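Enquirer: My structure file protein_8.txt, compact mmCIF, C-alpha atoms, is below:
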# COMPACT_ATOMS: atom_id res chain seq x y z
CA MET A 122 111.99 85.51 126.21
CA THR A 123 112.33 89.07 127.40
CA GLU A 124 109.68 90.53 129.66
CA LYS A 125 108.34 92.94 127.11
CA SER A 126 108.02 90.20 124.51
CA ASN A 127 104.65 90.15 122.83
CA GLN A 128 105.44 87.00 120.89
CA PHE A 129 103.49 83.77 121.03
CA PRO A 130 105.34 80.66 122.26
CA GLN A 131 107.78 79.20 119.76
CA TRP A 132 107.40 75.74 118.20
CA GLU A 133 109.89 73.74 116.15
CA VAL A 134 108.54 72.23 112.93
CA PHE A 135 109.41 68.81 111.51
CA ILE A 136 108.25 67.69 108.09
CA GLN A 137 107.83 64.21 106.68
CA ALA A 138 108.24 64.63 102.93
CA LYS A 139 107.25 61.12 101.86
CA ASN A 140 105.35 58.26 103.41
CA GLY A 141 107.75 56.14 105.40
CA GLY A 142 110.47 58.78 105.44
CA PRO A 143 112.07 60.55 108.41
CA TYR A 144 110.75 63.76 109.93
CA GLU A 145 113.20 66.56 109.22
CA HIS A 146 113.52 69.83 111.03
CA ALA A 147 112.38 72.77 108.87
CA GLY A 148 112.39 75.81 111.16
CA SER A 149 110.08 77.31 113.74
CA VAL A 150 106.77 79.13 114.08
CA HIS A 151 105.00 81.09 116.78
CA ALA A 152 101.54 80.02 117.96
CA THR A 153 99.34 80.10 121.04
CA ASP A 154 98.22 76.47 120.81
CA LYS A 155 99.08 73.27 118.99
CA ASN A 156 96.44 73.57 116.29
CA MET A 157 97.57 77.07 115.40
CA ALA A 158 101.16 75.82 115.41
CA LEU A 159 100.25 73.09 112.90
CA GLN A 160 98.33 75.50 110.68
CA ASN A 161 101.10 78.10 110.75
CA ALA A 162 103.67 75.41 110.01
CA ARG A 163 101.60 74.29 107.02
CA ASP A 164 101.31 77.84 105.68
CA ILE A 165 104.96 78.67 106.21
CA TYR A 166 106.80 75.46 105.36
CA THR A 167 104.59 73.42 103.02
CA ARG A 168 103.15 75.82 100.44
CA ARG A 169 104.37 73.55 97.64
CA ASN A 170 103.46 70.08 98.91
CA GLU A 171 106.79 69.66 100.68
CA GLY A 172 105.18 67.50 103.31
CA ARG A 173 102.53 64.91 103.92
CA SER A 174 102.79 65.02 107.69
CA LEU A 175 103.96 67.56 110.28
CA TRP A 176 105.19 67.51 113.85
CA VAL A 177 105.33 70.59 116.04
CA VAL A 178 107.13 70.64 119.38
CA GLN A 179 107.44 73.58 121.74
CA THR A 180 111.00 74.86 121.45
CA ASP A 181 111.47 74.80 125.23
CA ASN A 182 111.00 71.04 125.15
CA ILE A 183 113.99 70.42 122.90
CA PHE A 184 117.37 69.71 124.45
CA SER A 185 120.57 69.46 122.49
CA THR A 186 124.23 68.63 122.86
CA THR A 187 126.80 71.31 122.13
CA ARG A 188 129.87 71.38 119.96
CA GLU A 189 132.00 71.83 123.08
CA GLU A 190 130.90 68.53 124.59
CA GLU A 191 130.78 66.71 121.27
CA ALA A 192 134.06 64.79 121.62
CA GLU A 193 133.50 63.64 125.15
CA PHE A 194 129.82 62.91 124.69
CA PHE A 195 130.21 60.68 121.66
CA ASP A 196 133.55 59.06 122.45
CA PRO A 197 132.04 55.83 123.84
CA ALA A 198 131.28 54.91 120.21
CA GLU A 199 134.75 55.67 118.92
CA ASP A 200 136.66 52.50 119.84
CA LYS A 201 133.96 50.00 118.96
CA ILE A 202 134.70 49.37 115.35
CA TYR A 203 133.59 45.74 115.94
CA ARG A 204 130.03 47.08 115.66
CA THR A 205 130.48 47.38 111.90
CA PRO A 206 130.47 44.47 109.42
CA ASN A 207 133.83 45.39 107.88
CA PHE A 208 135.62 44.60 111.15
CA TYR A 209 135.25 40.86 110.51
CA LYS A 210 137.60 38.88 108.27
CA MET A 211 135.82 36.40 106.09
CA PRO A 212 137.54 33.35 104.62
CA ALA A 213 138.51 33.95 100.98
CA GLY A 214 135.78 32.98 98.54
CA THR A 215 132.89 33.41 100.97
CA THR A 216 129.82 34.72 99.14
CA ASN A 217 126.53 36.35 100.10
CA LEU A 218 127.97 37.63 103.39
CA MET B 240 140.59 76.92 126.25
CA THR B 241 141.34 80.65 126.21
CA ASP B 242 139.31 82.88 123.94
CA GLU B 243 142.30 83.16 121.64
CA GLN B 244 142.55 79.39 121.26
CA LYS B 245 138.81 79.21 120.71
CA LEU B 246 139.11 81.77 117.94
CA VAL B 247 141.87 79.76 116.23
CA HIS B 248 139.78 76.61 116.53
CA PHE B 249 136.72 78.47 115.19
CA GLN B 250 138.66 79.69 112.14
CA GLU B 251 139.90 76.15 111.51
CA ARG B 252 136.34 74.87 111.49
CA ILE B 253 135.31 77.63 109.05
CA ASP B 254 138.29 76.91 106.79
CA ALA B 255 137.45 73.21 106.80
CA GLY B 256 133.99 74.08 105.47
CA GLU B 257 132.12 73.14 108.64
CA LYS B 258 128.81 74.80 109.48
CA ILE B 259 128.46 76.68 112.75
CA GLU B 260 125.33 75.91 114.79
CA PRO B 261 123.67 78.35 117.23
CA LYS B 262 125.00 76.73 120.42
CA ASP B 263 128.62 76.46 119.20
CA TRP B 264 131.22 78.89 120.45
CA MET B 265 131.57 81.85 118.09
CA PRO B 266 133.28 85.24 118.26
CA GLU B 267 130.97 88.02 119.38
CA ALA B 268 131.56 89.90 116.12
CA TYR B 269 130.45 86.85 114.07
CA ARG B 270 127.24 86.63 116.06
CA LYS B 271 126.61 90.36 115.81
CA THR B 272 127.24 90.56 112.07
CA LEU B 273 125.02 87.59 111.32
CA LEU B 274 122.25 88.75 113.59
CA ARG B 275 122.28 92.15 111.90
CA GLN B 276 122.40 90.61 108.44
CA ILE B 277 119.72 87.96 108.99
CA SER B 278 117.28 90.32 110.72
CA GLN B 279 117.74 92.94 108.01
CA HIS B 280 117.23 90.25 105.40
CA ALA B 281 114.01 89.22 107.18
CA HIS B 282 112.81 92.84 107.32
CA SER B 283 113.52 93.19 103.58
CA GLU B 284 111.30 90.24 102.76
CA VAL B 285 108.48 91.60 104.89
CA ILE B 286 108.72 95.21 103.69
CA GLY B 287 109.08 93.85 100.15
CA MET B 288 105.44 92.73 100.29
CA GLN B 289 104.29 96.36 100.25
CA PRO B 290 105.31 97.56 96.77
CA GLU B 291 103.73 94.42 95.30
CA GLY B 292 100.65 94.60 97.51
CA ASN B 293 99.95 97.92 95.79
CA TRP B 294 98.89 95.98 92.66
CA VAL B 295 96.83 93.09 94.05
CA LEU B 296 93.53 94.90 93.51
CA ARG B 297 94.61 96.20 90.11
CA ALA B 298 96.07 93.04 88.62
CA PRO B 299 94.98 92.77 84.96
CA SER B 300 93.52 89.24 85.21
CA LEU B 301 92.50 86.63 87.75
CA ARG B 302 95.55 84.58 86.75
CA ALA B 303 97.86 87.54 87.39
CA LYS B 304 96.17 88.24 90.71
CA LYS B 305 96.50 84.66 91.95
CA ILE B 306 100.17 84.61 90.99
CA LEU B 307 100.84 87.94 92.67
CA LEU B 308 99.11 86.83 95.86
CA ALA B 309 101.13 83.60 95.91
CA LYS B 310 104.33 85.56 95.41
CA ILE B 311 103.54 88.00 98.20
CA GLN B 312 102.69 85.10 100.49
CA ASP B 313 106.10 83.60 99.66
CA GLU B 314 107.82 86.87 100.62
CA GLY B 315 106.03 86.80 103.97
CA GLY B 316 107.10 83.17 104.39
CA HIS B 317 110.70 84.05 103.56
CA GLY B 318 110.63 86.75 106.21
CA LEU B 319 109.42 84.18 108.71
CA TYR B 320 112.11 81.60 107.80
CA LEU B 321 114.66 84.32 108.39
CA TYR B 322 113.21 85.59 111.67
CA SER B 323 113.24 81.95 112.74
CA ALA B 324 116.95 81.66 111.79
CA ALA B 325 117.75 84.86 113.73
CA GLU B 326 115.86 83.58 116.76
CA THR B 327 118.27 80.65 117.03
CA PHE B 328 120.65 83.23 118.54
CA GLY B 329 118.15 83.67 121.37
CA ILE B 330 116.96 87.12 120.30
CA ASP B 331 113.25 87.77 120.73
CA ARG B 332 111.27 88.62 117.62
CA SER B 333 109.66 91.61 119.35
CA GLU B 334 113.10 93.15 119.62
CA MET B 335 113.70 92.78 115.89
CA ILE B 336 110.31 94.26 115.01
CA GLU B 337 111.00 97.18 117.31
CA GLN B 338 114.37 97.78 115.66
CA LEU B 339 112.66 97.84 112.27
CA GLN B 340 109.93 100.20 113.37
CA THR B 341 112.29 102.63 115.09
CA GLY B 342 114.67 102.67 112.13
CA LYS B 343 117.52 101.06 114.07
CA ALA B 344 117.50 98.10 111.70
CA LYS B 345 117.58 98.65 107.96
CA TYR B 346 116.04 96.69 105.10
CA SER B 347 116.98 96.52 101.44
CA SER B 348 116.66 100.05 100.12
CA VAL B 349 115.25 98.83 96.79
CA PHE B 350 111.85 98.54 98.48
CA ASN B 351 111.75 102.28 99.03
CA TYR B 352 110.89 102.86 95.38
CA PRO B 353 107.25 103.08 94.30
CA THR B 354 105.46 100.68 91.90
CA LEU B 355 103.91 103.03 89.35
CA ASN B 356 102.54 100.76 86.64
CA TRP B 357 101.77 97.07 86.13
CA ALA B 358 105.11 96.48 84.42
CA ASP B 359 106.77 97.36 87.73
CA ILE B 360 105.48 94.03 89.05
CA GLY B 361 107.24 92.36 86.13
CA ALA B 362 110.42 94.36 86.73
CA ILE B 363 110.44 93.55 90.45
CA GLY B 364 110.10 89.81 89.87
CA TRP B 365 112.62 89.71 87.07
CA LEU B 366 115.20 92.27 88.28
CA VAL B 367 114.81 92.61 92.05
CA ASP B 368 114.17 88.91 92.68
CA GLY B 369 116.76 88.08 90.03
CA ALA B 370 119.37 90.09 91.93
CA ALA B 371 118.20 88.53 95.19
CA ILE B 372 118.65 85.02 93.72
CA VAL B 373 122.26 85.75 92.75
CA ASN B 374 122.95 87.00 96.27
CA GLN B 375 121.00 84.25 98.03
CA THR B 376 122.53 81.40 96.04
CA MET B 377 125.85 82.62 97.43
CA LEU B 378 124.41 82.94 100.95
CA ALA B 379 123.20 79.33 100.83
CA LYS B 380 126.91 78.46 101.23
CA CYS B 381 127.21 80.66 104.34
CA SER B 382 128.98 79.16 107.36
CA PHE B 383 126.05 79.65 109.76
CA GLY B 384 123.82 76.56 109.52
CA PRO B 385 120.35 78.02 110.18
CA TYR B 386 120.93 80.90 107.72
CA ALA B 387 122.30 78.62 105.01
CA ARG B 388 119.36 76.23 105.40
CA ALA B 389 116.83 79.07 105.19
CA MET B 390 118.57 80.26 102.02
CA VAL B 391 118.32 76.87 100.34
CA ARG B 392 114.59 76.88 100.97
CA ILE B 393 114.21 80.47 99.76
CA CYS B 394 116.25 79.93 96.59
CA LYS B 395 114.01 77.02 95.60
CA GLU B 396 110.99 79.32 95.76
CA GLU B 397 112.49 82.42 94.16
CA GLY B 398 112.80 80.73 90.78
CA PHE B 399 109.06 81.11 90.28
CA HIS B 400 109.24 84.78 91.27
CA GLN B 401 111.80 85.60 88.64
CA ARG B 402 110.11 83.70 85.85
CA GLN B 403 106.68 85.17 86.51
CA GLY B 404 108.28 88.64 86.40
CA TYR B 405 110.04 87.98 83.12
CA GLU B 406 106.81 86.56 81.68
CA ILE B 407 105.01 89.84 82.47
CA MET B 408 107.80 91.83 80.79
CA ALA B 409 107.86 89.54 77.75
CA LYS B 410 104.08 89.73 77.36
CA MET B 411 104.09 93.51 77.51
CA MET B 412 106.98 93.72 75.07
CA ALA B 413 104.90 91.65 72.65
CA GLY B 414 101.92 93.97 73.12
CA THR B 415 100.87 97.45 72.00
CA ASN B 416 103.26 100.40 71.77
CA GLU B 417 101.80 101.70 74.98
CA GLN B 418 102.50 98.42 76.79
CA LYS B 419 106.04 98.36 75.41
CA ALA B 420 106.57 101.89 76.68
CA MET B 421 105.32 100.87 80.14
CA ALA B 422 107.71 97.92 80.25
CA GLN B 423 110.64 100.08 79.16
CA ASP B 424 109.69 102.73 81.72
CA ALA B 425 109.71 100.11 84.50
CA MET B 426 113.06 98.80 83.23
CA ASN B 427 114.49 102.33 83.33
CA ARG B 428 113.42 102.89 86.90
CA TRP B 429 114.31 99.47 88.38
CA TRP B 430 117.60 98.71 86.62
CA TRP B 431 119.91 100.87 88.71
CA PRO B 432 118.25 100.21 92.08
CA SER B 433 118.67 96.47 91.30
CA LEU B 434 122.42 96.93 90.74
CA MET B 435 122.61 98.84 94.02
CA MET B 436 121.11 95.84 95.85
CA PHE B 437 124.56 94.22 95.87
CA GLY B 438 125.84 97.01 98.09
CA PRO B 439 128.87 99.31 97.81
CA HIS B 440 131.93 98.44 95.72
CA ASP B 441 134.35 96.01 97.38
CA SER B 442 136.85 98.84 97.80
CA SER B 443 134.42 100.76 100.02
CA SER B 444 132.42 98.01 101.69
CA ALA B 445 132.75 98.17 105.46
CA HIS B 446 132.00 94.53 106.22
CA THR B 447 133.34 92.55 103.28
CA SER B 448 136.76 91.31 104.41
CA GLU B 449 135.76 89.99 107.83
CA SER B 450 132.58 88.48 106.39
CA MET B 451 134.62 86.68 103.74
CA LYS B 452 137.13 85.39 106.30
CA TRP B 453 134.28 83.88 108.31
CA LYS B 454 132.38 82.75 105.21
CA ILE B 455 129.33 84.80 106.12
CA LYS B 456 129.63 85.70 102.47
CA VAL B 457 131.70 83.69 100.08
CA GLU B 458 131.74 86.11 97.15
CA SER B 459 132.21 89.86 96.96
CA ASN B 460 129.57 92.49 96.10
CA ASP B 461 131.22 93.37 92.79
CA SER B 462 131.56 89.82 91.54
CA LEU B 463 127.92 89.05 92.35
CA ARG B 464 126.79 92.28 90.68
CA GLN B 465 128.75 91.40 87.53
CA ARG B 466 127.15 87.96 87.39
CA PHE B 467 123.70 89.54 87.63
CA VAL B 468 124.47 92.07 84.90
CA ASN B 469 125.81 89.39 82.56
CA ARG B 470 122.69 87.26 82.94
CA THR B 471 120.19 90.06 82.82
CA VAL B 472 121.44 92.17 79.91
CA GLU B 473 120.96 89.29 77.54
CA GLN B 474 117.48 88.57 78.86
CA ALA B 475 116.59 92.25 78.32
CA HIS B 476 117.83 92.23 74.73
CA HIS B 477 116.03 88.96 74.07
CA ILE B 478 112.63 90.63 74.51
CA GLY B 479 113.62 93.96 73.02
CA LEU B 480 114.20 95.99 76.19
CA THR B 481 116.96 98.59 76.30
CA VAL B 482 119.24 98.66 79.34
CA PRO B 483 119.28 102.29 80.54
CA ASP B 484 123.08 102.59 80.51
CA LEU B 485 124.89 104.38 77.67
CA ASN B 486 128.22 102.94 78.82
CA LEU B 487 127.11 99.33 78.59
CA THR B 488 129.60 97.41 76.41
CA TYR B 489 130.48 93.77 75.97
CA ASN B 490 134.06 92.82 76.69
CA LYS B 491 134.92 89.81 74.53
CA GLU B 492 138.03 88.94 76.52
CA THR B 493 136.51 88.85 79.97
CA ARG B 494 133.07 87.91 78.58
CA ASN B 495 131.58 90.50 80.90
CA TRP B 496 129.14 93.28 80.20
CA ASN B 497 130.91 96.42 81.44
CA PHE B 498 128.50 98.93 82.89
CA GLY B 499 128.54 102.61 83.79
CA ASP B 500 128.96 104.27 87.18
CA ILE B 501 126.37 103.64 89.83
CA ASN B 502 124.90 106.74 91.45
CA TRP B 503 126.09 106.13 94.99
CA ASP B 504 124.72 109.45 96.22
CA GLU B 505 121.25 108.19 95.41
CA PHE B 506 122.03 104.87 97.11
CA TRP B 507 123.11 106.55 100.37
CA THR B 508 120.19 109.00 100.25
CA VAL B 509 117.77 106.06 100.16
CA VAL B 510 119.69 103.98 102.72
CA ASN B 511 119.70 106.94 105.09
CA GLY B 512 115.94 107.21 105.00
CA ASN B 513 115.27 109.80 102.31
CA GLY B 514 114.12 107.64 99.40
CA PRO B 515 110.72 108.09 97.76
CA CYS B 516 108.85 105.67 100.08
CA ASN B 517 110.94 105.14 103.25
CA HIS B 518 108.50 106.91 105.53
CA GLN B 519 105.44 105.29 103.97
CA ARG B 520 106.85 101.75 104.29
CA ILE B 521 107.53 102.00 108.01
CA ALA B 522 104.34 103.93 108.78
CA HIS B 523 102.38 101.17 107.02
CA HIS B 524 104.15 98.44 108.99
CA ILE B 525 103.46 100.18 112.32
CA LYS B 526 99.83 100.85 111.44
CA TYR B 527 99.02 97.22 110.62
CA HIS B 528 101.10 95.91 113.50
CA ARG B 529 98.97 98.02 115.87
CA GLU B 530 95.70 97.19 114.16
CA GLY B 531 96.46 93.50 114.55
CA GLU B 532 96.89 93.84 118.30
CA TRP B 533 93.35 92.63 119.12
CA VAL B 534 93.82 89.52 116.99
CA ARG B 535 96.96 88.63 118.91
CA GLU B 536 95.23 89.28 122.22
CA ALA B 537 92.32 87.06 121.22
CA ALA B 538 94.71 84.30 120.14
CA VAL B 539 96.54 84.43 123.47
CA ALA B 540 93.25 84.30 125.39
CA PHE B 541 92.09 81.35 123.28
CA GLY B 542 95.40 79.55 123.85
CA LYS B 543 95.07 80.00 127.61
CA LYS B 544 91.51 78.70 127.56
CA GLN B 545 92.60 75.62 125.60
CA GLN B 546 95.37 74.95 128.10
CA LYS B 547 92.96 75.22 131.00
CA GLN B 548 90.52 72.81 129.36
CA ASN B 549 93.32 70.35 128.63
CA SER B 550 94.43 70.40 132.25
CA LEU B 551 90.87 69.68 133.43
CA ASN B 552 90.49 66.64 131.16
Show me the file's structure as structure tokens.
Expert:
Amino acid sequence: MTEKSNQFPQWEVFIQAKNGGPYEHAGSVHATDKNMALQNARDIYTRRNEGRSLWVVQTDNIFSTTREEEAEFFDPAEDKIYRTPNFYKMPAGTTNL
Amino acid sequence: MTDEQKLVHFQERIDAGEKIEPKDWMPEAYRKTLLRQISQHAHSEVIGMQPEGNWVLRAPSLRAKKILLAKIQDEGGHGLYLYSAAETFGIDRSEMIEQLQTGKAKYSSVFNYPTLNWADIGAIGWLVDGAAIVNQTMLAKCSFGPYARAMVRICKEEGFHQRQGYEIMAKMMAGTNEQKAMAQDAMNRWWWPSLMMFGPHDSSSAHTSESMKWKIKVESNDSLRQRFVNRTVEQAHHIGLTVPDLNLTYNKETRNWNFGDINWDEFWTVVNGNGPCNHQRIAHHIKYHREGEWVREAAVAFGKKQQKQNSLN
């Protein structure tokens, strides 16, 4: 933030749409404390019952990979096709497997 | 990689239909164009609350008032989704607000027209939001991830805006002669500004070709405008409204409604700050921004107190 910023700290908002489902990122809000962040997130992102539960996390606490390091970062997974079921040859006629 | 190679790689990603995320490498011009476009889009949503706010206390029924309040709240929400998308570039929101208040950043010039009678609320929902939906449905396919995602969310909500507007128009067109005249009057005043919302013709649009190459937009101003006209003319006729354009004709071959010349002098007059309400809109924004200062101060003080208490526990 710039020095002359008069903005409240920024929080990222995650919404769980249905019970048992994943929390998905929706956007961000500004708030001075966690309760205000939750209330603002409710008013901004769930005006039509889009969620049944919310997470808010201060933006500064989120770290991410970048496109530039994508290949190198994820390449340990690339040559391990034996982690998937289709890698294995089953005898002809095998069922339920 | 050199910058040139990065640019080639960037274009390949765009051409392959990939979305660009805030931390990915991007050409400076891509970042600048999007930042300008997203912040101006955000300002439009926020300033757009004012012409409608004019009618909250004069809404003809409790039902109408509740709907109008919900719609205005949506517009505020849309502004916030968009500021949030712009902030992914690392720009501070204060900077954007300052650009709006000093006139450095523009907003959609359609909001510089006044709302003179209740039918204007119908015309704004049906025509202005209708035009915005055509534009925003296209923008939902934009190559910049945060902007595209905000657009998907906004488009879902705009459907209600357009239908409530058309309902007002239809009700008034089924009413007394006086009500019909009010609806037609609103139609006459909002039709052309709505067509202008799509911006200059492709032949004279400064940003179109680069924006298309980078999929910041995926359709041109003129083709979007034509789609809007085709949809809207028939809706107007359906409830007995006349489109205020003597040159309006249906072309059976192209299946398009051909329309008359847009008054671009008026468009540029309003864009350049000399429309009926430009001054009023910004003065209002500054006034309430300043009057809210003590609320923000109190919230910051409360936040600090909470933090202190938490650290003592």
Enquirer: Would you tabulate, counting all atoms listed in the file, all residues of region 273-373 of chain B that have an atom at most 10 Å from an atom of region 137-159 of chain A, showing the closest pair of atoms and their distance in Å to one decimal, sorted by chain then ascending number, as a Markdown table?
Expert:
| residue | atom | partner | partner_atom | distance |
| --- | --- | --- | --- | --- |
| B:Leu319 | CA | A:Val150 | CA | 7.8 |
| B:Tyr320 | CA | A:Gly148 | CA | 6.7 |
| B:Leu321 | CA | A:Gly148 | CA | 9.2 |
| B:Tyr322 | CA | A:Ser149 | CA | 9.1 |
| B:Ser323 | CA | A:Ser149 | CA | 5.7 |
| B:Ala324 | CA | A:Gly148 | CA | 7.4 |
| B:Glu326 | CA | A:Ser149 | CA | 9.0 |
| B:Thr327 | CA | A:Ser149 | CA | 9.4 |
| B:Arg332 | CA | A:His151 | CA | 9.8 |
Enquirer: Skip region 177-183 of chain A itself and residues of its chain fewer than 3 positions away, then list as a list in words all residues within 6 Å of it, counting only C-alpha atoms.
Expert: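 The residues that qualify are Gln131, Trp132, Glu133 and Val134 of chain A.
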Enquirer: By how many Å are CA of Lys310 (chain B) and CA of Ser333 (chain B) apart?
Expert: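 CA of Ser333 (chain B) lies at a distance of 25.3 Å from CA of Lys310 (chain B).
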Enquirer: What lies within 8 Å of Phe249 (chain B) using only C-alpha atoms, ignoring chain neighbours under 3 positions off, as a list in words?
Expert: Lys245, Leu246, Arg252, Ile253, Trp264 and Met265 of chain B
Enquirer: Take the residues that were just selected and, keeping C-alpha atoms, output them as a compact mmCIF listing (two decimals), in the frame of the given file.
Expert:
# COMPACT_ATOMS: atom_id res chain seq x y z
CA LYS B 245 138.81 79.21 120.71
CA LEU B 246 139.11 81.77 117.94
CA ARG B 252 136.34 74.87 111.49
CA ILE B 253 135.31 77.63 109.05
CA TRP B 264 131.22 78.89 120.45
CA MET B 265 131.57 81.85 118.09
Enquirer: I'd like a table as CSV: residues in chain B with an atom no more than 10 Å from chain A, each row giving the shortest atom pair and its distance in Å to one decimal, all atoms listed in the file counted, sorted by chain and rising residue number.
Expert:
residue,atom,partner,partner_atom,distance
B:Ile259,CA,A:Arg188,CA,9.1
B:Glu260,CA,A:Arg188,CA,8.2
B:Pro261,CA,A:Thr187,CA,9.1
B:Lys262,CA,A:Thr187,CA,6.0
B:Asp263,CA,A:Arg188,CA,5.3
B:Trp264,CA,A:Glu189,CA,7.6
B:Ala309,CA,A:Arg168,CA,9.2
B:Gln312,CA,A:Ile165,CA,8.9
B:Asp313,CA,A:Ile165,CA,8.3
B:Gly315,CA,A:Ile165,CA,8.5
B:Gly316,CA,A:Ile165,CA,5.3
B:His317,CA,A:Ile165,CA,8.3
B:Gly318,CA,A:Ile165,CA,9.9
B:Leu319,CA,A:Ile165,CA,7.5
B:Tyr320,CA,A:Gly148,CA,6.7
B:Leu321,CA,A:Gly148,CA,9.2
B:Tyr322,CA,A:Ser149,CA,9.1
B:Ser323,CA,A:Ser149,CA,5.7
B:Ala324,CA,A:Gly148,CA,7.4
B:Glu326,CA,A:Ser149,CA,9.0
B:Thr327,CA,A:Ser149,CA,9.4
B:Gly329,CA,A:Met122,CA,8.0
B:Ile330,CA,A:Met122,CA,7.9
B:Asp331,CA,A:Met122,CA,6.1
B:Arg332,CA,A:Gln128,CA,6.9
B:Ser333,CA,A:Ser126,CA,5.6
B:Glu334,CA,A:Ser126,CA,7.6
B:Pro385,CA,A:Gly148,CA,8.3
B:Arg388,CA,A:Ala147,CA,8.5
B:Ala389,CA,A:Gly148,CA,8.1
B:Arg392,CA,A:Tyr166,CA,9.1
B:Glu396,CA,A:Arg169,CA,9.0
B:Glu532,CA,A:Asn127,CA,9.7
B:Arg535,CA,A:Phe129,CA,8.4
B:Glu536,CA,A:Asn127,CA,9.5
B:Ala537,CA,A:Thr153,CA,9.9
B:Ala538,CA,A:Thr153,CA,6.3
B:Val539,CA,A:Thr153,CA,5.7
B:Ala540,CA,A:Thr153,CA,8.6
B:Phe541,CA,A:Thr153,CA,7.7
B:Gly542,CA,A:Thr153,CA,4.9
B:Lys543,CA,A:Thr153,CA,7.8
B:Lys544,CA,A:Asp154,CA,9.8
B:Gln545,CA,A:Asp154,CA,7.4
B:Gln546,CA,A:Asp154,CA,8.0
Enquirer: Please identify all polymer residues within 12 Å of Lys343 (chain B), counting only C-alpha atoms, omitting same-chain residues fewer than 3 positions from it, and present them as a PyMOL selection string.
Expert: chain B and resi 275+278-279+282+334-340+346+510-512+521
Enquirer: I'd like to know which of B:Ile277, B:Ile393, B:Ile306, B:Val457 is closest to Ser347 (chain B), using all atoms listed in the file.
Expert: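 Counting all atoms listed in the file, the residue closest to Ser347 (chain B) is B:Ile277.
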Enquirer: Pick from B:Ser443, B:Thr354, B:Gln423, B:Ser283: nearest to Leu480 (chain B), with all atoms listed in the file counted?
Expert: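 Closest residue, counting all atoms listed in the file: B:Gln423.
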Enquirer: Suppose you want the space between CA of Glu417 (chain B) and CA of Ile360 (chain B); what is it in Å?
Expert: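 CA of Glu417 (chain B) sits 16.4 Å away from CA of Ile360 (chain B).
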Enquirer: Go through B:Thr241, B:Leu273, B:Tyr489, B:His400 one by one, measure the shortest atom-to-atom distance of each to Leu308 (chain B) using all atoms listed in the file, and give the residue with the smallest value.
Expert: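 Going through B:Thr241, B:Leu273, B:Tyr489, B:His400 one by one, the smallest distance to Leu308 (chain B) is for B:His400.
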Enquirer: Between CA of Glu284 (chain B) and CA of Asp368 (chain B), what distance in Å does the model show, to one decimal?
Expert: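 The value is 10.6 Å.
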Enquirer: I'd like the contact shell of Gln375 (chain B) - 7 Å cut-off, only C-alpha atoms, skipping same-chain residues fewer than 4 positions apart - returned as a list in words.
Expert: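 In the requested form, the answer reads Ala371, Ala379, Met390 and Cys394 of chain B.
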